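Shown next, in structure tokens, is the structure this report addresses.
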Amino acid sequence: MFTDYLKLGMDHILDLNGYDHILFVAVLCAGYELKQWKHVLILVTAFTIGHSLTLALSSMDLVSFSPSLIERLIPITIILTGIFNVFIAYKNKDVNQNFTINYLLALGFGLIHGLGFSLYFKAILGSEDSILMPLFAFNVGVELGQLLIVGFIMLLSYIFIEKLKLPQQKWTVVISLPSIMIAIYLLSQR
């Protein structure tokens with residue numbers, strides 16, 4: 001049972017049909033180099049905490065929301081994070097100077113993304129006696145899936161910044177601008 005929910009959490013993040021999560025994690029990592037991996041792990045975990053919180057609250061029927069509103073807000077989170085990245089890169093500022101803002105964005109946007117999956121999660125819970133184990137296993141799977149994405153993005157970051165000598169600011173824009181454009185497309189489809 002634990003492994004089923006763990007796999008579900010990983011599949012939720014890594015599903016190419018639901019690429020909004022992949023885009024968000026990629027744009028969240030865009031301002032960081034491999035040597036800043038600890039910062040990225042903190043941000044991704046903040047996202048998971050927010051995601052877990054609203055998933056739990058919704059599963060226990062303590063929070064209600066409009067699914068169509070959440071579906072529109074998810075691409076907006078990607079757009080706003082990408083715009084923030086581009087603004088920081090344009091100003092030639094170090095993203096770590098704004099780590100608190102990034103942390104709050106990751107946590108807050110995790111809240112929104114958690115609501116986006118909550119109806120489906122409630123349906124698969126069915127007649128579970130407790131939501132604690134399924135919720136924990138699912139969110140461990142989410143975190144593991146995000147870490148795979150982070151590993152891939154950070155590897156690309158290393159290749160482009162350290163080996164190909166692309167300036168950090170340009171790398172940030174290379175990841176952020178296409179993410180913004182894809183998220184705008186997603187928003188237009190919802």
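Chain labels run A, B, ... following the order of the structure tokens; each chain numbers its residues from 1, and ligands are numbered from 1 in the order shown.
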Contacts of Cys29 in chain A at 8 Å (only C-alpha atoms; same-chain gap of 6+ positions) as a PyMOL selection string: chain A and resi 40+150+153-154
Per residue of range 40-89 of chain A within 8 Å of range 103-123 of chain A, note the shortest atom pair and the distance in Å to one decimal, counting only C-alpha atoms, and order the rows by chain and increasing residue number, as CSV.
residue,atom,partner,partner_atom,distance
A:Ile42,CA,A:Tyr103,CA,7.7
A:Leu43,CA,A:Tyr103,CA,5.5
A:Val44,CA,A:Ala106,CA,7.0
A:Ala46,CA,A:Leu107,CA,4.8
A:Phe47,CA,A:Gly110,CA,4.3
A:Thr48,CA,A:Gly110,CA,6.2
A:Ile49,CA,A:Leu107,CA,6.7
A:Gly50,CA,A:Gly110,CA,4.3
A:His51,CA,A:Gly114,CA,3.9
A:Ser52,CA,A:Gly114,CA,6.4
A:Leu53,CA,A:Leu111,CA,6.8
A:Thr54,CA,A:Gly114,CA,5.3
A:Leu55,CA,A:Gly114,CA,5.0
A:Ser58,CA,A:Ser118,CA,6.2
A:Ser59,CA,A:Lys122,CA,5.4
A:Phe65,CA,A:Leu115,CA,7.9
A:Pro67,CA,A:Gly116,CA,6.9
A:Ile70,CA,A:Gly116,CA,5.8
A:Glu71,CA,A:Gly116,CA,6.4
A:Leu73,CA,A:Ile112,CA,7.1
A:Ile74,CA,A:His113,CA,6.1
A:Thr77,CA,A:Phe109,CA,6.1
A:Thr81,CA,A:Leu105,CA,7.5
What does the file look like for those residues with C-alpha atoms, as a compact mmCIF listing (two decimals), in the first residue's frame?
# COMPACT_ATOMS: atom_id res chain seq x y z
CA ILE A 42 15.20 23.75 0.56
CA LEU A 43 13.03 25.41 -2.10
CA VAL A 44 11.75 22.13 -3.50
CA ALA A 46 9.09 24.12 0.73
CA PHE A 47 7.03 23.45 -2.39
CA THR A 48 6.31 19.90 -1.16
CA ILE A 49 5.29 21.20 2.28
CA GLY A 50 2.79 23.59 0.71
CA HIS A 51 1.57 20.87 -1.65
CA SER A 52 1.16 18.44 1.27
CA LEU A 53 -0.71 20.92 3.43
CA THR A 54 -3.44 21.77 0.95
CA LEU A 55 -3.69 18.16 -0.20
CA SER A 58 -8.72 19.27 1.02
CA SER A 59 -8.72 15.50 1.58
CA PHE A 65 -12.12 25.69 -3.84
CA PRO A 67 -11.19 23.55 -9.52
CA ILE A 70 -6.92 26.40 -9.39
CA GLU A 71 -6.35 25.14 -12.93
CA LEU A 73 -3.66 29.64 -11.02
CA ILE A 74 -1.16 26.80 -11.61
CA THR A 77 2.59 30.38 -10.58
CA THR A 81 8.29 32.58 -10.89
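CA of Ile175 in chain A is positioned 5.9 Å from CA of Ala30 in chain A.
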Give me, as a ChimeraX atom specification, all polymer residues having an atom no more than 12 Å from Thr172 in chain A, counting only C-alpha atoms and skipping those fewer than 6 positions away in the same chain.
/A:26-33,81-90,92-95,153-154,156-157,160-161,166,178-180
Using the selection just defined, write its residues with N, CA and C atoms as a short mmCIF file (atom, residue, chain, number, x, y, z; two decimals), in the first residue's frame.
data_model
loop_
_atom_site.label_atom_id
_atom_site.label_comp_id
_atom_site.auth_asym_id
_atom_site.auth_seq_id
_atom_site.Cartn_x
_atom_site.Cartn_y
_atom_site.Cartn_z
N ALA A 26 11.48 23.23 -12.72
CA ALA A 26 12.58 23.71 -13.57
C ALA A 26 12.78 25.21 -13.40
N VAL A 27 11.70 25.97 -13.43
CA VAL A 27 11.83 27.42 -13.32
C VAL A 27 12.25 27.82 -11.90
N LEU A 28 11.87 27.02 -10.92
CA LEU A 28 12.31 27.27 -9.54
C LEU A 28 13.83 27.09 -9.41
N CYS A 29 14.38 26.14 -10.15
CA CYS A 29 15.82 25.86 -10.12
C CYS A 29 16.64 26.79 -11.01
N ALA A 30 16.00 27.48 -11.91
CA ALA A 30 16.70 28.20 -12.98
C ALA A 30 17.74 29.20 -12.51
N GLY A 31 17.56 29.80 -11.36
CA GLY A 31 18.49 30.81 -10.90
C GLY A 31 19.67 30.29 -10.11
N TYR A 32 19.79 28.96 -10.03
CA TYR A 32 20.81 28.38 -9.17
C TYR A 32 21.81 27.54 -9.95
N GLU A 33 23.04 27.53 -9.44
CA GLU A 33 24.09 26.68 -10.00
C GLU A 33 24.19 25.42 -9.15
N THR A 81 6.94 33.01 -11.28
CA THR A 81 8.29 32.58 -10.89
C THR A 81 9.28 32.86 -12.00
N GLY A 82 8.88 32.60 -13.24
CA GLY A 82 9.76 32.89 -14.38
C GLY A 82 10.04 34.37 -14.53
N ILE A 83 9.01 35.20 -14.37
CA ILE A 83 9.19 36.67 -14.46
C ILE A 83 10.13 37.14 -13.35
N PHE A 84 9.96 36.61 -12.15
CA PHE A 84 10.85 36.96 -11.04
C PHE A 84 12.29 36.60 -11.40
N ASN A 85 12.51 35.40 -11.95
CA ASN A 85 13.85 34.98 -12.35
C ASN A 85 14.45 35.92 -13.39
N VAL A 86 13.67 36.24 -14.41
CA VAL A 86 14.17 37.11 -15.48
C VAL A 86 14.48 38.50 -14.93
N PHE A 87 13.63 39.01 -14.06
CA PHE A 87 13.87 40.31 -13.45
C PHE A 87 15.18 40.30 -12.67
N ILE A 88 15.41 39.28 -11.87
CA ILE A 88 16.65 39.16 -11.09
C ILE A 88 17.84 39.05 -12.03
N ALA A 89 17.73 38.23 -13.07
CA ALA A 89 18.83 38.08 -14.03
C ALA A 89 19.11 39.39 -14.76
N TYR A 90 18.05 40.09 -15.15
CA TYR A 90 18.19 41.36 -15.85
C TYR A 90 18.91 42.40 -14.99
N ASN A 92 21.09 41.69 -12.89
CA ASN A 92 22.38 41.11 -12.53
C ASN A 92 22.53 40.90 -11.03
N LYS A 93 21.45 40.54 -10.40
CA LYS A 93 21.48 40.27 -8.96
C LYS A 93 21.67 38.78 -8.72
N ASP A 94 22.27 38.48 -7.61
CA ASP A 94 22.42 37.09 -7.18
C ASP A 94 21.08 36.63 -6.62
N VAL A 95 20.60 35.51 -7.10
CA VAL A 95 19.30 34.99 -6.68
C VAL A 95 19.28 34.71 -5.17
N ILE A 153 17.98 19.20 -13.97
CA ILE A 153 18.16 20.64 -14.23
C ILE A 153 19.52 21.11 -13.72
N MET A 154 19.92 20.63 -12.55
CA MET A 154 21.21 21.05 -11.99
C MET A 154 22.37 20.49 -12.82
N LEU A 156 22.20 19.99 -16.09
CA LEU A 156 22.23 20.90 -17.25
C LEU A 156 22.87 22.23 -16.89
N SER A 157 22.53 22.74 -15.71
CA SER A 157 23.11 23.98 -15.23
C SER A 157 24.62 23.88 -15.18
N PHE A 160 26.08 23.81 -18.81
CA PHE A 160 26.01 25.09 -19.51
C PHE A 160 26.83 26.18 -18.82
N ILE A 161 26.80 26.24 -17.50
CA ILE A 161 27.49 27.32 -16.79
C ILE A 161 28.98 27.02 -16.61
N LEU A 166 28.41 29.56 -20.13
CA LEU A 166 27.25 30.45 -20.29
C LEU A 166 27.07 31.21 -18.98
N PRO A 178 11.24 30.22 -21.90
CA PRO A 178 10.39 29.18 -22.50
C PRO A 178 9.33 28.65 -21.51
N SER A 179 9.69 28.58 -20.23
CA SER A 179 8.73 28.13 -19.23
C SER A 179 7.56 29.10 -19.14
N ILE A 180 7.86 30.39 -19.17
CA ILE A 180 6.81 31.41 -19.16
C ILE A 180 5.90 31.24 -20.38
#
*asked:* Please compute the CA of Ser130 in chain A-CA of Lys7 in chain A distance, one decimal, in Å.
replied: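 These atoms are spaced 18.6 Å apart.
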TODO: Please identify which residues in range 15-98 of chain A DSSP calls alpha helix (DSSP H) from the backbone, and express them as JSON, numbers by chain.
DONE: {"A": [20, 21, 22, 23, 24, 25, 26, 27, 28, 29, 37, 38, 39, 40, 41, 42, 43, 44, 45, 46, 47, 48, 49, 50, 51, 52, 53, 54, 55, 56, 57, 58, 59, 67, 68, 69, 70, 71, 72, 73, 74, 75, 76, 77, 78, 79, 80, 81, 82, 83, 84, 85, 86, 87, 88, 89, 90]}
Please provide the set of residues having any atom within 12 Å of Ile182 in chain A, restricted to only C-alpha atoms, with same-chain residues fewer than 2 positions apart removed, written as a tab-separated table (two decimals) with C-alpha atoms, in the first residue's frame.
chain	number	residue	atom	x	y	z
A	19	TYR	CA	4.14	18.84	-17.25
A	20	ASP	CA	3.09	21.89	-15.24
A	22	ILE	CA	8.03	19.76	-14.19
A	23	LEU	CA	7.95	23.31	-15.55
A	24	PHE	CA	7.48	24.80	-12.09
A	27	VAL	CA	11.83	27.42	-13.32
A	75	PRO	CA	0.26	28.23	-14.86
A	76	ILE	CA	0.20	31.68	-13.27
A	78	ILE	CA	5.00	29.31	-13.32
A	79	ILE	CA	4.67	32.66	-15.10
A	82	GLY	CA	9.76	32.89	-14.38
A	175	ILE	CA	15.13	28.21	-18.66
A	176	SER	CA	12.66	30.88	-17.52
A	177	LEU	CA	11.48	32.43	-20.80
A	178	PRO	CA	10.39	29.18	-22.50
A	179	SER	CA	8.73	28.13	-19.23
A	180	ILE	CA	6.81	31.41	-19.16
A	184	ILE	CA	0.97	31.24	-20.99
A	185	TYR	CA	-0.13	28.63	-23.51
A	186	LEU	CA	-1.41	26.40	-20.67
A	187	LEU	CA	-3.30	29.35	-19.20
A	188	SER	CA	-4.91	30.10	-22.57
A	189	GLN	CA	-6.12	26.49	-22.78
In terms of only C-alpha atoms, the residue from A:Leu148, A:His39, A:Ala183, A:Thr100 at minimal distance from Leu80 in chain A is A:Ala183
Would you mind listing what lies within 8 Å of range 137-145 of chain A as a PDB file with N, CA and C atoms, in the first residue's frame, with only C-alpha atoms counted and same-chain residues fewer than 3 positions away left out?
ATOM      1  N   PHE A   2       1.881   1.313   0.881  1.00  0.00           N
ATOM      2  CA  PHE A   2       2.776   2.465   0.944  1.00  0.00           C
ATOM      3  C   PHE A   2       3.420   2.695  -0.418  1.00  0.00           C
ATOM      4  N   THR A   3       3.926   1.619  -1.013  1.00  0.00           N
ATOM      5  CA  THR A   3       4.629   1.771  -2.298  1.00  0.00           C
ATOM      6  C   THR A   3       3.683   2.213  -3.411  1.00  0.00           C
ATOM      7  N   TYR A   5       1.148   4.364  -3.111  1.00  0.00           N
ATOM      8  CA  TYR A   5       1.008   5.821  -2.989  1.00  0.00           C
ATOM      9  C   TYR A   5       2.324   6.540  -3.287  1.00  0.00           C
ATOM     10  N   LEU A   6       3.444   5.914  -2.912  1.00  0.00           N
ATOM     11  CA  LEU A   6       4.756   6.480  -3.238  1.00  0.00           C
ATOM     12  C   LEU A   6       4.909   6.594  -4.757  1.00  0.00           C
ATOM     13  N   LYS A   7       4.576   5.513  -5.439  1.00  0.00           N
ATOM     14  CA  LYS A   7       4.660   5.508  -6.913  1.00  0.00           C
ATOM     15  C   LYS A   7       3.702   6.539  -7.510  1.00  0.00           C
ATOM     16  N   LEU A   8       2.516   6.644  -6.942  1.00  0.00           N
ATOM     17  CA  LEU A   8       1.544   7.621  -7.419  1.00  0.00           C
ATOM     18  C   LEU A   8       2.101   9.044  -7.304  1.00  0.00           C
ATOM     19  N   GLY A   9       2.761   9.343  -6.178  1.00  0.00           N
ATOM     20  CA  GLY A   9       3.366  10.661  -5.996  1.00  0.00           C
ATOM     21  C   GLY A   9       4.460  10.935  -7.018  1.00  0.00           C
ATOM     22  N   MET A  10       5.306   9.942  -7.260  1.00  0.00           N
ATOM     23  CA  MET A  10       6.362  10.121  -8.274  1.00  0.00           C
ATOM     24  C   MET A  10       5.757  10.302  -9.663  1.00  0.00           C
ATOM     25  N   ASP A  11       4.768   9.452  -9.963  1.00  0.00           N
ATOM     26  CA  ASP A  11       4.118   9.551 -11.277  1.00  0.00           C
ATOM     27  C   ASP A  11       3.441  10.905 -11.454  1.00  0.00           C
ATOM     28  N   HIS A  12       2.865  11.413 -10.389  1.00  0.00           N
ATOM     29  CA  HIS A  12       2.193  12.717 -10.440  1.00  0.00           C
ATOM     30  C   HIS A  12       3.169  13.811 -10.879  1.00  0.00           C
ATOM     31  N   ILE A  13       4.362  13.797 -10.351  1.00  0.00           N
ATOM     32  CA  ILE A  13       5.362  14.817 -10.674  1.00  0.00           C
ATOM     33  C   ILE A  13       6.017  14.565 -12.022  1.00  0.00           C
ATOM     34  N   LEU A  14       6.291  13.317 -12.331  1.00  0.00           N
ATOM     35  CA  LEU A  14       7.070  12.991 -13.533  1.00  0.00           C
ATOM     36  C   LEU A  14       6.215  12.736 -14.773  1.00  0.00           C
ATOM     37  N   VAL A  44      12.597  23.218  -3.036  1.00  0.00           N
ATOM     38  CA  VAL A  44      11.747  22.128  -3.500  1.00  0.00           C
ATOM     39  C   VAL A  44      10.988  21.510  -2.326  1.00  0.00           C
ATOM     40  N   THR A  45      11.648  21.403  -1.180  1.00  0.00           N
ATOM     41  CA  THR A  45      10.971  20.874   0.002  1.00  0.00           C
ATOM     42  C   THR A  45       9.887  21.838   0.482  1.00  0.00           C
ATOM     43  N   THR A  48       6.959  21.137  -1.580  1.00  0.00           N
ATOM     44  CA  THR A  48       6.307  19.899  -1.156  1.00  0.00           C
ATOM     45  C   THR A  48       5.500  20.113   0.125  1.00  0.00           C
ATOM     46  N   SER A  52       1.668  19.405   0.293  1.00  0.00           N
ATOM     47  CA  SER A  52       1.156  18.440   1.269  1.00  0.00           C
ATOM     48  C   SER A  52       0.046  19.040   2.130  1.00  0.00           C
ATOM     49  N   MET A 133      -1.025   7.686   6.226  1.00  0.00           N
ATOM     50  CA  MET A 133      -0.048   6.887   5.495  1.00  0.00           C
ATOM     51  C   MET A 133      -0.114   7.174   3.998  1.00  0.00           C
ATOM     52  N   PRO A 134      -1.303   7.173   3.380  1.00  0.00           N
ATOM     53  CA  PRO A 134      -1.340   7.485   1.953  1.00  0.00           C
ATOM     54  C   PRO A 134      -0.790   8.880   1.642  1.00  0.00           C
ATOM     55  N   LEU A 148      14.454  14.144  -8.777  1.00  0.00           N
ATOM     56  CA  LEU A 148      14.935  13.693 -10.089  1.00  0.00           C
ATOM     57  C   LEU A 148      14.961  14.858 -11.086  1.00  0.00           C
ATOM     58  N   ILE A 149      13.917  15.654 -11.072  1.00  0.00           N
ATOM     59  CA  ILE A 149      13.869  16.825 -11.960  1.00  0.00           C
ATOM     60  C   ILE A 149      14.979  17.805 -11.596  1.00  0.00           C
TER      61      ILE A 149
END
Between CA of Phe152 in chain A and CA of Trp37 in chain A lies a distance of 11.9 Å
